[in-house]
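Text of coords15.cif, listed as mmCIF, C-alpha atoms and all ligand atoms:
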data_data
#
loop_
_atom_site.label_atom_id
_atom_site.label_comp_id
_atom_site.auth_asym_id
_atom_site.auth_seq_id
_atom_site.Cartn_x
_atom_site.Cartn_y
_atom_site.Cartn_z
CA MET A 1 3.37 15.41 18.55
CA THR A 2 0.22 13.94 17.08
CA ARG A 3 -0.70 10.40 18.02
CA GLY A 4 0.33 7.66 15.61
CA VAL A 5 -1.96 5.14 13.96
CA ARG A 6 -1.94 1.44 13.17
CA MET A 7 -3.71 0.90 9.90
CA VAL A 8 -4.05 -1.17 6.74
CA MET A 9 -4.65 0.51 3.38
CA LEU A 10 -6.63 -1.54 0.88
CA GLY A 11 -7.53 -0.54 -2.66
CA ARG A 12 -6.96 -1.51 -6.26
CA GLN A 13 -3.62 -0.76 -7.79
CA GLY A 14 -3.89 2.72 -9.26
CA ALA A 15 -6.43 3.88 -6.66
CA GLY A 16 -3.90 6.45 -5.43
CA LYS A 17 -2.75 4.49 -2.40
CA GLY A 18 0.93 5.42 -2.90
CA THR A 19 0.29 9.16 -2.89
CA GLN A 20 -2.17 9.00 0.00
CA CYS A 21 0.03 6.72 2.10
CA VAL A 22 2.95 9.16 1.82
CA ARG A 23 0.71 11.99 3.05
CA LEU A 24 -0.72 9.91 5.90
CA SER A 25 2.77 8.76 6.87
CA ARG A 26 3.96 12.39 7.22
CA HIS A 27 0.83 13.52 9.04
CA TYR A 28 0.74 10.73 11.62
CA VAL A 29 4.55 10.30 11.73
CA VAL A 30 4.43 6.57 11.13
CA PRO A 31 6.29 4.51 8.50
CA HIS A 32 4.53 3.68 5.24
CA ILE A 33 5.24 -0.02 4.87
CA SER A 34 4.66 -0.98 1.26
CA THR A 35 5.31 -4.68 0.88
CA GLY A 36 5.55 -4.17 -2.90
CA ASP A 37 8.33 -1.60 -2.44
CA MET A 38 10.10 -3.88 0.06
CA LEU A 39 9.98 -6.73 -2.44
CA ARG A 40 11.16 -4.60 -5.35
CA ALA A 41 14.07 -3.34 -3.22
CA ALA A 42 15.01 -6.95 -2.44
CA VAL A 43 14.86 -7.74 -6.18
CA ARG A 44 17.19 -4.80 -7.00
CA GLU A 45 19.62 -5.82 -4.27
CA GLY A 46 19.57 -9.40 -5.55
CA THR A 47 19.01 -11.01 -2.14
CA PRO A 48 17.86 -14.67 -2.12
CA LEU A 49 14.34 -13.44 -1.30
CA GLY A 50 14.64 -10.87 -4.07
CA ARG A 51 15.60 -13.44 -6.70
CA LYS A 52 12.71 -15.69 -5.76
CA ALA A 53 10.21 -12.81 -5.62
CA GLY A 54 11.56 -11.33 -8.85
CA GLU A 55 10.79 -14.45 -10.84
CA LEU A 56 7.26 -14.61 -9.45
CA MET A 57 6.51 -10.92 -10.01
CA ALA A 58 7.93 -10.89 -13.55
CA ALA A 59 5.36 -13.58 -14.38
CA GLY A 60 2.63 -11.41 -12.79
CA ASN A 61 2.27 -13.78 -9.81
CA LEU A 62 2.02 -12.99 -6.13
CA VAL A 63 4.60 -13.98 -3.53
CA PRO A 64 3.35 -16.87 -1.31
CA ASP A 65 1.70 -16.16 2.04
CA ASP A 66 4.33 -17.68 4.33
CA LEU A 67 7.08 -15.58 2.78
CA MET A 68 5.03 -12.37 2.98
CA ILE A 69 4.00 -13.04 6.57
CA ASP A 70 7.64 -13.46 7.63
CA ILE A 71 8.60 -10.21 5.93
CA VAL A 72 5.76 -8.28 7.59
CA ASP A 73 6.29 -9.86 11.02
CA ASP A 74 9.92 -8.83 10.87
CA ARG A 75 9.15 -5.25 9.81
CA LEU A 76 6.43 -4.70 12.43
CA ASP A 77 8.88 -5.69 15.15
CA ARG A 78 11.10 -2.62 14.65
CA ASP A 79 11.18 0.37 17.04
CA ASP A 80 9.52 2.88 14.72
CA THR A 81 6.42 0.71 14.32
CA THR A 82 6.20 -0.52 17.91
CA SER A 83 6.38 3.06 19.23
CA ARG A 84 4.31 5.00 16.67
CA GLY A 85 2.42 2.56 14.47
CA TYR A 86 2.40 1.99 10.72
CA ILE A 87 0.51 2.14 7.46
CA LEU A 88 0.53 -1.29 5.85
CA ASP A 89 0.11 -1.15 2.08
CA GLY A 90 -0.01 -4.32 -0.06
CA PHE A 91 -0.58 -6.64 2.91
CA PRO A 92 -2.82 -8.39 3.79
CA ARG A 93 -4.20 -9.43 0.41
CA THR A 94 -6.13 -12.50 1.55
CA VAL A 95 -8.17 -13.56 4.57
CA GLY A 96 -5.38 -16.01 5.44
CA GLN A 97 -2.87 -13.16 5.57
CA ALA A 98 -5.30 -11.04 7.61
CA GLU A 99 -5.60 -13.85 10.18
CA ALA A 100 -1.80 -14.01 10.38
CA LEU A 101 -1.64 -10.24 10.83
CA ASP A 102 -4.16 -10.54 13.65
CA GLN A 103 -1.75 -12.88 15.44
CA ILE A 104 1.28 -10.67 14.76
CA THR A 105 -0.47 -7.55 16.10
CA VAL A 106 -2.29 -9.13 19.02
CA SER A 107 -0.60 -6.88 21.61
CA ARG A 108 -1.02 -3.73 19.46
CA PRO A 109 -4.14 -4.27 17.35
CA LEU A 110 -5.15 -2.31 14.26
CA ASP A 111 -7.06 0.96 14.67
CA VAL A 112 -8.61 0.94 11.22
CA VAL A 113 -8.64 -0.68 7.79
CA VAL A 114 -9.26 1.72 4.92
CA ASP A 115 -10.63 0.62 1.56
CA LEU A 116 -9.69 3.36 -0.91
CA ASP A 117 -12.38 2.81 -3.46
CA VAL A 118 -11.95 3.76 -7.13
CA ALA A 119 -13.73 2.14 -10.10
CA THR A 120 -11.80 -0.35 -12.26
CA GLU A 121 -12.10 1.74 -15.46
CA VAL A 122 -10.48 4.68 -13.70
CA VAL A 123 -7.58 2.69 -12.26
CA LEU A 124 -6.81 1.03 -15.62
CA GLU A 125 -6.35 4.44 -17.20
CA ARG A 126 -4.21 5.70 -14.31
CA LEU A 127 -1.98 2.60 -14.28
CA ALA A 128 -1.15 2.95 -17.97
CA GLY A 129 0.28 6.42 -17.28
CA ARG A 130 1.96 5.63 -13.99
CA ARG A 131 5.70 6.22 -13.52
CA VAL A 132 7.78 5.67 -10.38
CA CYS A 133 11.24 6.63 -9.13
CA SER A 134 13.45 3.55 -9.33
CA ASP A 135 15.33 4.65 -6.18
CA CYS A 136 12.82 6.12 -3.71
CA SER A 137 9.54 4.86 -5.26
CA ALA A 138 8.05 8.38 -5.48
CA ASN A 139 4.96 8.37 -7.72
CA TYR A 140 4.62 10.33 -10.97
CA SER A 141 2.55 9.98 -14.11
CA VAL A 142 2.63 11.14 -17.70
CA ASP A 143 0.27 13.93 -16.56
CA THR A 144 2.35 14.85 -13.49
CA PRO A 145 5.99 14.24 -14.47
CA PRO A 146 9.04 15.37 -12.46
CA LYS A 147 10.22 18.96 -13.02
CA TYR A 148 13.31 18.05 -15.08
CA GLY A 149 13.02 15.23 -17.59
CA TRP A 150 12.41 11.85 -15.98
CA VAL A 151 14.61 12.61 -12.98
CA CYS A 152 13.09 12.29 -9.51
CA ASP A 153 12.35 15.63 -7.74
CA ASN A 154 13.13 14.04 -4.35
CA CYS A 155 16.31 12.08 -4.92
CA GLY A 156 17.54 12.49 -8.52
CA GLY A 157 16.78 8.83 -9.34
CA ASP A 158 15.50 7.62 -12.72
CA VAL A 159 11.73 7.83 -13.08
CA VAL A 160 10.49 4.84 -15.08
CA GLN A 161 7.50 2.67 -15.88
CA ARG A 162 7.52 -0.34 -13.58
CA ASP A 163 8.43 -3.68 -15.20
CA ASP A 164 5.19 -5.16 -13.93
CA ASP A 165 3.00 -2.33 -15.28
CA THR A 166 2.45 -4.12 -18.60
CA PRO A 167 -1.23 -4.36 -19.64
CA ALA A 168 -1.28 -8.16 -19.17
CA ALA A 169 0.27 -8.00 -15.68
CA ILE A 170 -2.06 -5.15 -14.67
CA GLU A 171 -5.17 -7.09 -15.75
CA LYS A 172 -3.98 -10.14 -13.88
CA ARG A 173 -3.31 -8.21 -10.66
CA LEU A 174 -6.70 -6.51 -10.82
CA ALA A 175 -8.47 -9.85 -11.32
CA GLU A 176 -6.55 -11.32 -8.39
CA TYR A 177 -7.40 -8.30 -6.29
CA GLU A 178 -11.11 -8.71 -6.99
CA ALA A 179 -11.02 -12.43 -6.19
CA ASN A 180 -9.01 -12.16 -2.97
CA THR A 181 -9.89 -8.80 -1.57
CA ALA A 182 -13.66 -8.87 -1.75
CA PRO A 183 -13.74 -11.54 1.04
CA LEU A 184 -11.03 -9.62 2.92
CA ILE A 185 -13.11 -6.43 2.90
CA GLU A 186 -16.09 -8.38 4.19
CA TRP A 187 -13.91 -9.99 6.90
CA TYR A 188 -12.70 -6.61 8.19
CA GLY A 189 -16.24 -5.24 7.92
CA GLN A 190 -17.50 -7.98 10.23
CA ARG A 191 -14.83 -7.01 12.76
CA GLY A 192 -15.95 -3.39 12.73
CA LEU A 193 -12.58 -2.12 11.49
CA LEU A 194 -13.48 -1.06 7.95
CA GLU A 195 -13.80 2.47 6.57
CA VAL A 196 -14.65 2.72 2.85
CA ILE A 197 -13.30 5.99 1.45
CA ASP A 198 -14.19 7.36 -1.97
CA GLY A 199 -10.84 7.65 -3.75
CA TRP A 200 -12.14 9.50 -6.79
CA GLY A 201 -11.46 13.22 -7.24
CA LYS A 202 -8.70 15.64 -6.24
CA ALA A 203 -5.94 14.11 -4.10
CA ASP A 204 -6.38 16.86 -1.45
CA HIS A 205 -10.05 16.05 -1.08
CA VAL A 206 -9.31 12.34 -0.73
CA THR A 207 -6.68 13.13 1.93
CA ALA A 208 -9.21 15.20 3.90
CA ARG A 209 -11.68 12.30 3.82
CA LEU A 210 -8.94 9.95 5.04
CA PHE A 211 -7.89 12.21 7.93
CA SER A 212 -11.44 12.51 9.17
CA ALA A 213 -12.16 8.77 8.96
CA ILE A 214 -8.86 7.82 10.63
CA ASP A 215 -9.05 10.42 13.41
CA LYS A 216 -12.42 9.04 14.38
CA ARG A 217 -10.90 5.57 14.81
CA ARG A 218 -7.61 6.14 16.58
CA SER A 219 -7.40 4.83 20.08
CA SER A 220 -5.52 6.84 22.68
ZN ZN B 301 13.38 9.31 -6.04
#

Final structure tokens representation of the file:
Amino acid sequence: MTRGVRMVMLGRQGAGKGTQCVRLSRHYVVPHISTGDMLRAAVREGTPLGRKAGELMAAGNLVPDDLMIDIVDDRLDRDDTTSRGYILDGFPRTVGQAEALDQITVSRPLDVVVDLDVATEVVLERLAGRRVCSDCSANYSVDTPPKYGWVCDNCGGDVVQRDDDTPAAIEKRLAEYEANTAPLIEWYGQRGLLEVIDGWGKADHVTARLFSAIDKRRSS
């Protein structure tokens, strides 16, 4: 079996991270850990964390650092991640979170941090057309819908527009991303972990660029 990888995926919402992370997860046989999906699942299940996070996200706000760090610490402690690795998506979002991740992963440090780079104008257009499966979080769009109506090809779940994909919430998240993530990208760059990948163009081409950048970075 191919070696795993320990990586963080950065990029604006709508850069195609979801699609690419699923492909990378299959290729390297590591879990795709989307903190956004974990939070939305908690909201659906109505857990105490989910209720708290739900209120914040409905208002277009981010969940506080300490809460996110606990969630990630817990997830990275499971057997699948300790044995194979992981693709972290949605965390870290700030330098503070990255420092916490450094502590969490001190015995098994990151191989690479990818910045999937797509221009803001492009992601705004993509986000407006984005649809997701409400059960398994598979990605679709108005241009690439499921085969039968708005029913998920994978699991039969309802394919919908996310509650937080309103224009106002999208603009707010993008502005927050710019403010927080620019320093984060610089921080990882200084540590020699960063690979900036052009996320524009056909998904297959982007995947090929990712494989080659990641393979170069994986430690044995
Ligand atoms: Zn589904």

Tell me which of A:Asp79, A:Asp89, A:Asp117, A:Glu125 sits closest to Met38 in chain A, counting only C-alpha atoms. A:Asp89

Sorted by chain and rising residue number, which residues of chain A lie within 6 Å of ligand ZN 301 (chain B), and what are their closest atom pairs and distances in Å to one decimal, counting only C-alpha atoms and all ligand atoms, as JSON lines?
{"residue": "A:Cys133", "atom": "CA", "partner": "B:ZN301", "partner_atom": "ZN", "distance": 4.6}
{"residue": "A:Asp135", "atom": "CA", "partner": "B:ZN301", "partner_atom": "ZN", "distance": 5.1}
{"residue": "A:Cys136", "atom": "CA", "partner": "B:ZN301", "partner_atom": "ZN", "distance": 4.0}
{"residue": "A:Ser137", "atom": "CA", "partner": "B:ZN301", "partner_atom": "ZN", "distance": 5.9}
{"residue": "A:Ala138", "atom": "CA", "partner": "B:ZN301", "partner_atom": "ZN", "distance": 5.4}
{"residue": "A:Cys152", "atom": "CA", "partner": "B:ZN301", "partner_atom": "ZN", "distance": 4.6}
{"residue": "A:Asn154", "atom": "CA", "partner": "B:ZN301", "partner_atom": "ZN", "distance": 5.0}
{"residue": "A:Cys155", "atom": "CA", "partner": "B:ZN301", "partner_atom": "ZN", "distance": 4.2}
{"residue": "A:Gly156", "atom": "CA", "partner": "B:ZN301", "partner_atom": "ZN", "distance": 5.8}
{"residue": "A:Gly157", "atom": "CA", "partner": "B:ZN301", "partner_atom": "ZN", "distance": 4.8}

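Here CA of Tyr177 in chain A is placed at a distance of 23.3 Å from CA of Arg75 in chain A.
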
So what do you get for CA of Asp164 in chain A versus CA of Asp70 in chain A, distance-wise? 23.2 Å

Find the residues near Met68 in chain A: any atom within 10 Å, counting all atoms listed in the file, skip ones fewer than 3 places away on the same chain, and give them as a PyMOL selection string. chain A and resi 35+39+62-65+71-74+90-92+97

Output for the residues just chosen: C-alpha atoms as a short mmCIF file (atom, residue, chain, number, x, y, z; two decimals), in the frame of the given file:
data_model
loop_
_atom_site.label_atom_id
_atom_site.label_comp_id
_atom_site.auth_asym_id
_atom_site.auth_seq_id
_atom_site.Cartn_x
_atom_site.Cartn_y
_atom_site.Cartn_z
CA THR A 35 5.31 -4.68 0.88
CA LEU A 39 9.98 -6.73 -2.44
CA LEU A 62 2.02 -12.99 -6.13
CA VAL A 63 4.60 -13.98 -3.53
CA PRO A 64 3.35 -16.87 -1.31
CA ASP A 65 1.70 -16.16 2.04
CA ILE A 71 8.60 -10.21 5.93
CA VAL A 72 5.76 -8.28 7.59
CA ASP A 73 6.29 -9.86 11.02
CA ASP A 74 9.92 -8.83 10.87
CA GLY A 90 -0.01 -4.32 -0.06
CA PHE A 91 -0.58 -6.64 2.91
CA PRO A 92 -2.82 -8.39 3.79
CA GLN A 97 -2.87 -13.16 5.57
#

Judged by all atoms listed in the file, the minimum distance to Glu99 in chain A among A:Ala42, A:Ala119, A:Ala58, A:Ile69 is found for A:Ile69

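For the atom pair formed by CA of Ile185 in chain A and CA of Val112 in chain A, the distance is 12.0 Å, given to one decimal.
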
Residues near Leu124 in chain A, cut-off 10 Å, all atoms listed in the file, skip fewer than 3 positions along chain, as a compact mmCIF listing (two decimals) with C-alpha atoms, in the frame of the given file:
# COMPACT_ATOMS: atom_id res chain seq x y z
CA ARG A 12 -6.96 -1.51 -6.26
CA GLN A 13 -3.62 -0.76 -7.79
CA GLY A 14 -3.89 2.72 -9.26
CA ALA A 15 -6.43 3.88 -6.66
CA ALA A 119 -13.73 2.14 -10.10
CA THR A 120 -11.80 -0.35 -12.26
CA GLU A 121 -12.10 1.74 -15.46
CA LEU A 127 -1.98 2.60 -14.28
CA ALA A 128 -1.15 2.95 -17.97
CA GLY A 129 0.28 6.42 -17.28
CA PRO A 167 -1.23 -4.36 -19.64
CA ILE A 170 -2.06 -5.15 -14.67
CA GLU A 171 -5.17 -7.09 -15.75
CA LEU A 174 -6.70 -6.51 -10.82

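Nearest residue to Gly11 in chain A among A:Ser83, A:Ser134, A:Ser141, A:Thr181 is A:Thr181, counting all atoms listed in the file.
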
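Those residues positioned at most 10 Å from (-13.0, -10.6, 4.5) are Arg93, Thr94, Val95, Gly96, Ala98, Glu99, Asn180, Thr181, Ala182, Pro183, Leu184, Ile185, Glu186, Trp187, Tyr188, Gly189, Gln190 and Arg191 of chain A, judged using all atoms listed in the file.
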
Pick the closest to Arg108 in chain A from A:Leu76, A:Ala41, A:Leu88, A:Val206: which is it, counting all atoms listed in the file?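 Selected residue with least distance to Arg108 in chain A: A:Leu76.
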
From the list A:Val29, A:Leu49, A:Leu210, A:Val196, which residue is nearest Asp80 in chain A when using only C-alpha atoms?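 Using only C-alpha atoms, the shortest distance to Asp80 in chain A belongs to A:Val29.
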
Counting only C-alpha atoms, figure out which residue out of A:Ile214, A:Val22, A:Val30, A:Val43 gets nearest to Met57 in chain A.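 Of all the options, A:Val43 lies closest to Met57 in chain A.
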